[in-house]
Amino acid sequence: FDFFDMIPSDANLAGYSFNQTHKDPVMREILGNKNFRAGLSHAINRQEIIDLVFIGQGIPMQVAVLPSYKLLYNEQLAKQFLEYDPAKANAYLDKAGYSKKDKDGWRLGPDGKPIEVAILCRADKKFMADVSLMLVEYWKKVGVKSRVDVTERSLVRTRRDANEHDILIEDFPGGARDAFLNPVAWVPM
């Protein structure tokens with residue numbers, strides 16, 4: 001037997017993909033707004049997620065190639081919008097055009113209704129629901145209503161492929177697009 005240190009290629013265990021081609025034009029406008037996504041990203045306490053869900057095993061990072069892949073790693077993409085800062089989150093959400101709130105404090109979308117997003121989550125990976133439930137609480141603090149829809153894996157894929165979702169959590173392999181939010185990249189200690 002030989003033993004080898006392996007570098008994981010799936011850098012991201014909990015990446016969030018925003019449906020920017022949503023069938024509903026109002027949701028498409030909201031989810032396609034980079035400032036909206038940046039605001040939600042700054043509302044996430046990634047270190048708390050790492051500590052509570054992943055028992056301290058991970059580093060805060062966007063969906064991006066791991067630093068160990070030196071030729072492909074892009075620090076700017078990996079670290080953009082990572083800082084947990086509710087004030088900055090609120091500023092980005094205001095800049096996105098969603099500064100108006102209803103009497104309960106929920107941000108109003110372009111249609112004048114409270115913004116509410118559903119996070120589509122696979123039932124076979126409990127940690128995804130755990131992380132998503134934490135995001136519901138973080139986003140509530142900045143006035144964005146959200147819920148977690150825990151669904152069987154094949155139905156998640158069916159809904160994704162049919163463009164019938166708002167936000168999808170997946171364990172994306174390394175890659176970098178600002179359409180994603182990623183609370184944690186798993187790095188073995």
# chains A, B, ... in the order shown; residues from 1 in each chain; ligands from 1
>>> residues_around(residues="Gln20 of chain A", least_positions_apart="2", cutoff="10 Å", atoms="only C-alpha atoms", output="VMD selection string")
chain A and resid 17 to 18 22 to 23 25 27 to 33 163 166 to 167 179
>>> select_by_dssp(residues="chain A", states="strand (DSSP E or B)", output="PyMOL selection string")
chain A and resi 12+15-18+59+101+107-108+114+116-122+145-151+167-170+180-181+185
>>> closest_residue(among="A:Val26, A:Val156, A:Leu135, A:Ile55", to="Asp111 of chain A", atoms="only C-alpha atoms")
A:Val26
>>> closest_residue(among="A:Ala91, A:Ala96, A:Leu13, A:Met128", to="Val63 of chain A", atoms="only C-alpha atoms")
A:Leu13
>>> atom_distance(atom1="atom CA of Trp139 of chain A", atom2="atom CA of Tyr73 of chain A")
29.1 Å
>>> closest_residue(among="A:Lys79, A:Asp24, A:Leu72, A:Ile44", to="Ile59 of chain A", atoms="only C-alpha atoms")
A:Lys79
>>> select_by_dssp(residues="segment 74-106 of chain A", states="alpha helix (DSSP H)", output="list in words")
Glu75, Gln76, Leu77, Ala78, Lys79, Pro86, Ala87, Lys88, Ala89, Asn90, Ala91, Tyr92, Leu93, Asp94 and Lys95 of chain A
>>> closest_residue(among="A:Asn90, A:Thr151, A:Gln57, A:Ser146", to="Asn35 of chain A", atoms="only C-alpha atoms")
A:Asn90
>>> atom_distance(atom1="atom CA of Lys125 of chain A", atom2="atom CA of Val53 of chain A")
12.1 Å
>>> closest_residue(among="A:Arg107, A:Lys113, A:Lys70, A:Arg37", to="Lys141 of chain A", atoms="only C-alpha atoms")
A:Arg107
>>> atom_distance(atom1="atom CA of Glu137 of chain A", atom2="atom CA of Asn45 of chain A")
10.4 Å
>>> closest_residue(among="A:Val117, A:Ala14, A:Met134, A:Ile169", to="Ala64 of chain A", atoms="only C-alpha atoms")
A:Ala14
>>> decode(residues="segment 25-49 of chain A", atoms="N, CA and C atoms", output="JSON list (two decimals), in the first residue's frame")
[["chain", "number", "residue", "atom", "x", "y", "z"],
["A", 25, "PRO", "N", -40.38, 37.50, -14.62],
["A", 25, "PRO", "CA", -39.51, 38.65, -14.94],
["A", 25, "PRO", "C", -39.10, 39.47, -13.71],
["A", 26, "VAL", "N", -39.95, 39.54, -12.69],
["A", 26, "VAL", "CA", -39.60, 40.28, -11.48],
["A", 26, "VAL", "C", -38.46, 39.58, -10.76],
["A", 27, "MET", "N", -38.58, 38.25, -10.58],
["A", 27, "MET", "CA", -37.51, 37.49, -9.93],
["A", 27, "MET", "C", -36.23, 37.51, -10.77],
["A", 28, "ARG", "N", -36.38, 37.46, -12.09],
["A", 28, "ARG", "CA", -35.20, 37.52, -12.97],
["A", 28, "ARG", "C", -34.45, 38.84, -12.75],
["A", 29, "GLU", "N", -35.21, 39.95, -12.62],
["A", 29, "GLU", "CA", -34.58, 41.25, -12.39],
["A", 29, "GLU", "C", -33.87, 41.28, -11.02],
["A", 30, "ILE", "N", -34.53, 40.76, -9.99],
["A", 30, "ILE", "CA", -33.96, 40.77, -8.65],
["A", 30, "ILE", "C", -32.71, 39.90, -8.59],
["A", 31, "LEU", "N", -32.84, 38.64, -9.02],
["A", 31, "LEU", "CA", -31.72, 37.69, -8.91],
["A", 31, "LEU", "C", -30.58, 38.01, -9.86],
["A", 32, "GLY", "N", -30.86, 38.73, -10.93],
["A", 32, "GLY", "CA", -29.82, 39.12, -11.88],
["A", 32, "GLY", "C", -29.06, 40.37, -11.47],
["A", 33, "ASN", "N", -29.50, 41.01, -10.40],
["A", 33, "ASN", "CA", -28.89, 42.26, -9.95],
["A", 33, "ASN", "C", -27.64, 41.95, -9.12],
["A", 34, "LYS", "N", -26.49, 42.31, -9.64],
["A", 34, "LYS", "CA", -25.22, 42.01, -8.96],
["A", 34, "LYS", "C", -25.16, 42.63, -7.58],
["A", 35, "ASN", "N", -25.68, 43.83, -7.41],
["A", 35, "ASN", "CA", -25.65, 44.47, -6.10],
["A", 35, "ASN", "C", -26.54, 43.72, -5.10],
["A", 36, "PHE", "N", -27.64, 43.15, -5.57],
["A", 36, "PHE", "CA", -28.49, 42.34, -4.70],
["A", 36, "PHE", "C", -27.71, 41.12, -4.22],
["A", 37, "ARG", "N", -27.05, 40.44, -5.14],
["A", 37, "ARG", "CA", -26.27, 39.25, -4.77],
["A", 37, "ARG", "C", -25.11, 39.62, -3.84],
["A", 38, "ALA", "N", -24.45, 40.74, -4.12],
["A", 38, "ALA", "CA", -23.34, 41.18, -3.27],
["A", 38, "ALA", "C", -23.86, 41.52, -1.87],
["A", 39, "GLY", "N", -25.02, 42.13, -1.79],
["A", 39, "GLY", "CA", -25.61, 42.46, -0.50],
["A", 39, "GLY", "C", -25.90, 41.21, 0.31],
["A", 40, "LEU", "N", -26.50, 40.21, -0.32],
["A", 40, "LEU", "CA", -26.77, 38.95, 0.38],
["A", 40, "LEU", "C", -25.47, 38.28, 0.80],
["A", 41, "SER", "N", -24.44, 38.39, -0.02],
["A", 41, "SER", "CA", -23.16, 37.78, 0.31],
["A", 41, "SER", "C", -22.56, 38.42, 1.57],
["A", 42, "HIS", "N", -22.61, 39.75, 1.65],
["A", 42, "HIS", "CA", -22.05, 40.42, 2.82],
["A", 42, "HIS", "C", -22.88, 40.16, 4.08],
["A", 43, "ALA", "N", -24.10, 39.67, 3.92],
["A", 43, "ALA", "CA", -24.96, 39.36, 5.08],
["A", 43, "ALA", "C", -24.65, 37.99, 5.68],
["A", 44, "ILE", "N", -23.80, 37.20, 5.02],
["A", 44, "ILE", "CA", -23.50, 35.84, 5.47],
["A", 44, "ILE", "C", -22.30, 35.83, 6.42],
["A", 45, "ASN", "N", -22.50, 35.25, 7.58],
["A", 45, "ASN", "CA", -21.40, 35.08, 8.55],
["A", 45, "ASN", "C", -20.74, 33.73, 8.27],
["A", 46, "ARG", "N", -19.81, 33.72, 7.34],
["A", 46, "ARG", "CA", -19.18, 32.49, 6.89],
["A", 46, "ARG", "C", -18.40, 31.78, 8.00],
["A", 47, "GLN", "N", -17.73, 32.55, 8.85],
["A", 47, "GLN", "CA", -16.96, 31.91, 9.92],
["A", 47, "GLN", "C", -17.88, 31.17, 10.88],
["A", 48, "GLU", "N", -19.04, 31.73, 11.16],
["A", 48, "GLU", "CA", -20.00, 31.05, 12.03],
["A", 48, "GLU", "C", -20.48, 29.75, 11.38],
["A", 49, "ILE", "N", -20.72, 29.77, 10.09],
["A", 49, "ILE", "CA", -21.12, 28.56, 9.36],
["A", 49, "ILE", "C", -20.02, 27.51, 9.45]]
